[in-house]
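Data from model-v6.cif: mmCIF, C-alpha atoms
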data_start
loop_
_atom_site.group_PDB
_atom_site.id
_atom_site.type_symbol
_atom_site.label_atom_id
_atom_site.label_comp_id
_atom_site.auth_asym_id
_atom_site.auth_seq_id
_atom_site.Cartn_x
_atom_site.Cartn_y
_atom_site.Cartn_z
ATOM 1 C CA MET A 111 162.084 124.186 46.436
ATOM 2 C CA GLU A 112 165.764 125.054 46.581
ATOM 3 C CA VAL A 113 167.396 125.437 49.979
ATOM 4 C CA LEU A 114 170.490 127.610 50.002
ATOM 5 C CA THR A 115 172.941 126.709 52.697
ATOM 6 C CA ALA A 116 176.321 128.278 53.300
ATOM 7 C CA LYS A 117 177.944 125.436 51.364
ATOM 8 C CA ALA A 118 175.535 125.718 48.413
ATOM 9 C CA THR A 119 175.875 129.479 47.946
ATOM 10 C CA ARG A 120 178.512 130.585 45.421
ATOM 11 C CA ARG A 121 181.135 133.006 46.647
ATOM 12 C CA SER A 122 181.482 134.664 43.234
ATOM 13 C CA THR A 123 180.102 134.462 39.721
ATOM 14 C CA ARG A 124 181.604 131.901 37.354
ATOM 15 C CA ILE A 125 182.462 132.896 33.796
ATOM 16 C CA ARG A 126 183.051 130.532 30.862
ATOM 17 C CA VAL A 127 186.348 131.236 29.115
ATOM 18 C CA GLU A 128 189.054 129.535 27.088
ATOM 19 C CA ILE A 129 192.451 130.544 28.449
ATOM 20 C CA PRO A 130 195.488 128.400 27.578
ATOM 21 C CA VAL A 131 197.827 128.048 30.568
ATOM 22 C CA THR A 132 200.731 125.943 31.713
ATOM 23 C CA VAL A 133 199.985 124.039 34.925
ATOM 24 C CA THR A 134 202.952 122.912 37.023
ATOM 25 C CA SER A 135 202.918 121.015 40.308
ATOM 26 C CA LEU A 136 204.786 122.688 43.174
ATOM 27 C CA ASP A 137 205.021 119.349 45.013
ATOM 28 C CA ARG A 138 208.219 117.428 44.214
ATOM 29 C CA MET A 139 206.512 114.193 45.260
ATOM 30 C CA ARG A 140 203.777 114.737 42.620
ATOM 31 C CA PRO A 141 205.627 115.965 39.517
ATOM 32 C CA PHE A 142 203.447 117.356 36.738
ATOM 33 C CA ALA A 143 203.651 120.003 34.032
ATOM 34 C CA ASP A 144 201.341 120.325 31.029
ATOM 35 C CA LYS A 145 199.594 122.795 28.750
ATOM 36 C CA CYS A 146 195.940 122.963 29.818
ATOM 37 C CA MET A 147 192.829 124.949 28.923
ATOM 38 C CA VAL A 148 191.010 126.952 31.605
ATOM 39 C CA LEU A 149 187.286 126.609 30.893
ATOM 40 C CA VAL A 150 185.606 128.404 33.805
ATOM 41 C CA VAL A 151 186.879 131.104 36.180
ATOM 42 C CA SER A 152 185.761 132.924 39.293
ATOM 43 C CA ALA A 153 187.441 135.249 41.774
ATOM 44 C CA GLN A 154 188.308 132.238 43.968
ATOM 45 C CA GLY A 155 189.414 129.655 41.419
ATOM 46 C CA CYS A 156 188.997 127.958 38.086
ATOM 47 C CA GLY A 157 188.255 124.745 36.292
ATOM 48 C CA PHE A 158 190.693 123.531 33.646
ATOM 49 C CA ARG A 159 190.834 120.623 31.234
ATOM 50 C CA CYS A 160 193.864 118.426 31.779
ATOM 51 C CA SER A 161 195.344 115.253 30.276
ATOM 52 C CA GLN A 162 195.635 113.501 33.635
ATOM 53 C CA SER A 163 194.024 113.494 37.051
ATOM 54 C CA LEU A 164 195.771 115.450 39.787
ATOM 55 C CA GLN A 165 195.761 114.468 43.450
ATOM 56 C CA LEU A 166 193.616 116.599 45.738
ATOM 57 C CA GLU A 167 195.388 119.352 47.692
ATOM 58 C CA THR A 168 198.385 119.372 45.317
ATOM 59 C CA PRO A 169 199.809 122.904 45.175
ATOM 60 C CA ILE A 170 200.092 124.126 41.571
ATOM 61 C CA ILE A 171 201.075 127.206 39.636
ATOM 62 C CA LEU A 172 199.143 128.381 36.581
ATOM 63 C CA SER A 173 201.412 130.406 34.320
ATOM 64 C CA GLY A 174 200.930 132.116 30.994
ATOM 65 C CA LEU A 175 197.854 134.023 32.173
ATOM 66 C CA PRO A 176 196.634 137.009 30.150
ATOM 67 C CA GLY A 177 199.188 139.750 30.699
ATOM 68 C CA GLY A 178 201.946 137.189 31.256
ATOM 69 C CA GLY A 179 201.227 136.609 34.941
ATOM 70 C CA SER A 180 200.996 133.500 37.049
ATOM 71 C CA VAL A 181 199.039 132.455 40.121
ATOM 72 C CA THR A 182 199.325 129.693 42.722
ATOM 73 C CA ALA A 183 196.460 127.435 43.702
ATOM 74 C CA ARG A 184 195.645 124.012 45.090
ATOM 75 C CA VAL A 185 193.751 121.164 43.446
ATOM 76 C CA ALA A 186 190.243 121.154 44.923
ATOM 77 C CA ASN A 187 188.728 118.372 42.792
ATOM 78 C CA SER A 188 189.396 116.176 39.785
ATOM 79 C CA LEU A 189 186.642 114.697 37.618
ATOM 80 C CA PRO A 190 186.963 112.519 34.506
ATOM 81 C CA LEU A 191 185.519 113.949 31.285
ATOM 82 C CA GLY A 192 183.981 110.955 29.530
ATOM 83 C CA ASN A 193 184.737 107.270 30.032
ATOM 84 C CA ASP A 194 188.040 106.982 28.182
ATOM 85 C CA GLY A 195 190.230 108.450 30.977
ATOM 86 C CA LYS A 196 192.007 110.811 28.568
ATOM 87 C CA GLN A 197 190.674 114.137 29.838
ATOM 88 C CA PHE A 198 189.917 115.479 33.317
ATOM 89 C CA LEU A 199 188.265 118.595 34.680
ATOM 90 C CA ILE A 200 190.438 119.891 37.514
ATOM 91 C CA GLY A 201 189.037 122.389 40.005
ATOM 92 C CA ALA A 202 191.648 124.743 41.450
ATOM 93 C CA ALA A 203 191.229 127.036 44.465
ATOM 94 C CA LEU A 204 193.376 130.160 44.248
ATOM 95 C CA TYR A 205 195.555 131.122 47.190
ATOM 96 C CA THR A 206 195.178 134.785 46.161
ATOM 97 C CA HIS A 207 191.630 135.720 45.176
ATOM 98 C CA GLY A 208 190.736 138.248 42.520
ATOM 99 C CA ASN A 209 190.632 138.921 38.819
ATOM 100 C CA VAL A 210 193.893 137.212 37.850
ATOM 101 C CA TRP A 211 192.241 136.173 34.568
ATOM 102 C CA GLY A 212 192.286 139.597 32.907
ATOM 103 C CA ILE A 213 188.482 139.803 32.606
ATOM 104 C CA ALA A 214 187.767 143.326 31.286
ATOM 105 C CA ASN A 215 184.501 143.924 33.170
ATOM 106 C CA PRO A 216 184.424 141.460 36.072
ATOM 107 C CA PRO A 217 181.153 140.836 37.946
ATOM 108 C CA GLU A 218 180.477 143.035 40.978
ATOM 109 C CA ASP A 219 180.893 140.123 43.401
ATOM 110 C CA TRP A 220 184.524 139.692 42.279
ATOM 111 C CA LYS A 221 185.379 142.981 43.995
ATOM 112 C CA PHE A 222 184.450 141.700 47.441
ATOM 113 C CA ALA A 223 186.564 138.871 48.773
ATOM 114 C CA PRO A 224 185.281 136.492 51.451
ATOM 115 C CA GLN A 225 186.559 136.817 54.983
ATOM 116 C CA ASN A 226 187.357 133.089 55.141
ATOM 117 C CA ALA A 227 189.983 133.114 52.364
ATOM 118 C CA PRO A 228 192.278 130.067 52.433
ATOM 119 C CA PRO A 229 195.861 130.517 53.597
ATOM 120 C CA GLY A 230 198.542 130.915 50.958
ATOM 121 C CA PRO A 231 201.229 128.389 50.063
ATOM 122 C CA PRO A 232 204.374 128.027 52.167
ATOM 123 C CA ALA A 233 206.694 130.980 51.679
ATOM 124 C CA SER A 234 209.485 128.831 50.227
ATOM 125 C CA ALA A 235 207.227 127.388 47.490
ATOM 126 C CA ALA A 236 205.785 130.770 46.548
ATOM 127 C CA SER A 237 209.139 132.540 46.455
ATOM 128 C CA THR A 238 210.852 129.937 44.266
ATOM 129 C CA ALA A 239 207.933 129.388 41.895
ATOM 130 C CA ALA A 240 206.703 132.875 41.080
ATOM 131 C CA PRO A 241 208.456 136.184 40.560
ATOM 132 C CA LYS A 242 208.368 138.481 43.546
ATOM 133 C CA LEU A 243 205.660 141.128 43.254
ATOM 134 C CA LEU A 244 205.642 144.511 44.917
ATOM 135 C CA VAL A 245 202.656 144.785 47.211
ATOM 136 C CA ASN A 246 201.157 147.588 49.213
ATOM 137 C CA GLN A 247 201.027 146.271 52.777
ATOM 138 C CA LYS A 248 198.219 148.695 53.670
ATOM 139 C CA VAL A 249 195.814 147.317 51.031
ATOM 140 C CA TRP A 250 193.563 144.265 51.322
ATOM 141 C CA PRO A 251 194.356 141.382 51.999
ATOM 142 C CA TYR A 252 197.542 142.506 53.744
ATOM 143 C CA ASN A 253 195.766 144.923 56.054
ATOM 144 C CA LEU A 254 193.858 141.976 57.581
ATOM 145 C CA VAL A 255 197.040 140.587 59.138
ATOM 146 C CA PRO A 256 198.040 142.273 62.391
ATOM 147 C CA GLU A 257 201.496 143.818 62.302
ATOM 148 C CA THR A 258 202.660 142.184 65.542
ATOM 149 C CA ASP A 259 205.268 139.474 65.974
ATOM 150 C CA GLY A 260 204.578 137.849 62.562
ATOM 151 C CA ALA A 261 203.306 134.620 64.101
ATOM 152 C CA HIS A 262 200.425 132.842 62.419
ATOM 153 C CA PRO A 263 197.208 133.897 64.254
ATOM 154 C CA GLY A 264 195.859 130.317 64.392
ATOM 155 C CA ARG A 265 199.027 128.673 65.705
ATOM 156 C CA LYS A 266 200.591 128.704 69.136
#
As structure tokens, what does this structure read like?
Amino acid sequence: MEVLTAKATRRSTRIRVEIPVTVTSLDRMRPFADKCMVLVVSAQGCGFRCSQSLQLETPIILSGLPGGGSVTARVANSLPLGNDGKQFLIGAALYTHGNVWGIANPPEDWKFAPQNAPPGPPASAASTAAPKLLVNQKVWPYNLVPETDGAHPGRK
């Protein structure tokens, strides 16, 4: 008998793909840049094959996505593939959820984002790493942030 808890339930469907990307660390203390292969994607993240292990919580940017885009994420896990230590499966959690992968007909559950989405990267890292995009402030997820003093709602 399978018991589904909040932790065991998937937030969105995973799809097997092969998308070549360039992964670059946004942390100067953990330098890394390499061509990698994304093997599985969802609306909240991905799993990619990499030549080395990456430290958990390292902020990264995946560039060269279909359509020429890029997306920021954080390393959520790192598992060795095999016993030789030459390949790793890196799990990345996107800061901005959605179909950044260019999937033509995404699953229905990709259209609904969870209410407990993780916070984005620091503004300085995001602005220097990725080109500035025009966004509609009245559309999700921007309409979830109150237009008050600009202070973070969880901080005093």
* Taking into account only C-alpha atoms, which residue in the set A:Gly201, A:Gly179, A:Gly195, A:Pro130 is nearest to Cys156 in chain A? ->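 Selected residue with least distance to Cys156 in chain A: A:Gly201.
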* To do: Convert the output of the PyMOL selection byres ((chain A and resi 169) around 8) on the shown file into explicit residues, formatted as a ChimeraX atom specification.
  => /A:135-137,167-168,170-171,182-185,231
* **From A:Leu164, A:Ile125, A:Leu199, A:Val210, residue lying nearest Ala143 in chain A [all atoms listed in the file]** =>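 Selected residue with least distance to Ala143 in chain A: A:Leu164.
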* For Phe158 in chain A, which residue out of A:Arg121, A:Lys221, A:His207, A:Lys145 is the nearest one, using all atoms listed in the file? ->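 Going through A:Arg121, A:Lys221, A:His207, A:Lys145 one by one, the smallest distance to Phe158 in chain A is for A:Lys145.
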* **Shell of 12 Å around Ser122 in chain A, only C-alpha atoms, local chain residues under 5 positions omitted, as a ChimeraX atom specification** => /A:151-156,207-209,216-224
What would the selection look like, as a PDB file with C-alpha atoms, keeping the file's coordinate frame, if the PyMOL selection byres ((chain A and resi 187) around 8) were run on the coordinates I just shared?
ATOM      1  CA  LEU A 166     193.616 116.599  45.738  1.00  0.00           C
ATOM      2  CA  VAL A 185     193.751 121.164  43.446  1.00  0.00           C
ATOM      3  CA  ALA A 186     190.243 121.154  44.923  1.00  0.00           C
ATOM      4  CA  SER A 188     189.396 116.176  39.785  1.00  0.00           C
ATOM      5  CA  LEU A 189     186.642 114.697  37.618  1.00  0.00           C
ATOM      6  CA  ILE A 200     190.438 119.891  37.514  1.00  0.00           C
ATOM      7  CA  GLY A 201     189.037 122.389  40.005  1.00  0.00           C
ATOM      8  CA  ALA A 202     191.648 124.743  41.450  1.00  0.00           C
TER       9      ALA A 202
END
* Can you tell me how far CA of Asp194 in chain A sits from CA of Ser173 in chain A, in Å to one decimal? -> 27.7 Å
* To do: Kindly give the distance, in Å, that separates CA of Val181 in chain A and CA of Arg138 in chain A, rounded to a single decimal.
  =>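 If I compute the distance from CA of Val181 in chain A to CA of Arg138 in chain A, I get 18.1 Å.
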* Would you mind reading off the distance between CA of Gly177 in chain A and CA of Arg159 in chain A, one decimal, in Å? =>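 Taking CA of Gly177 in chain A and CA of Arg159 in chain A, their separation equals 20.9 Å.
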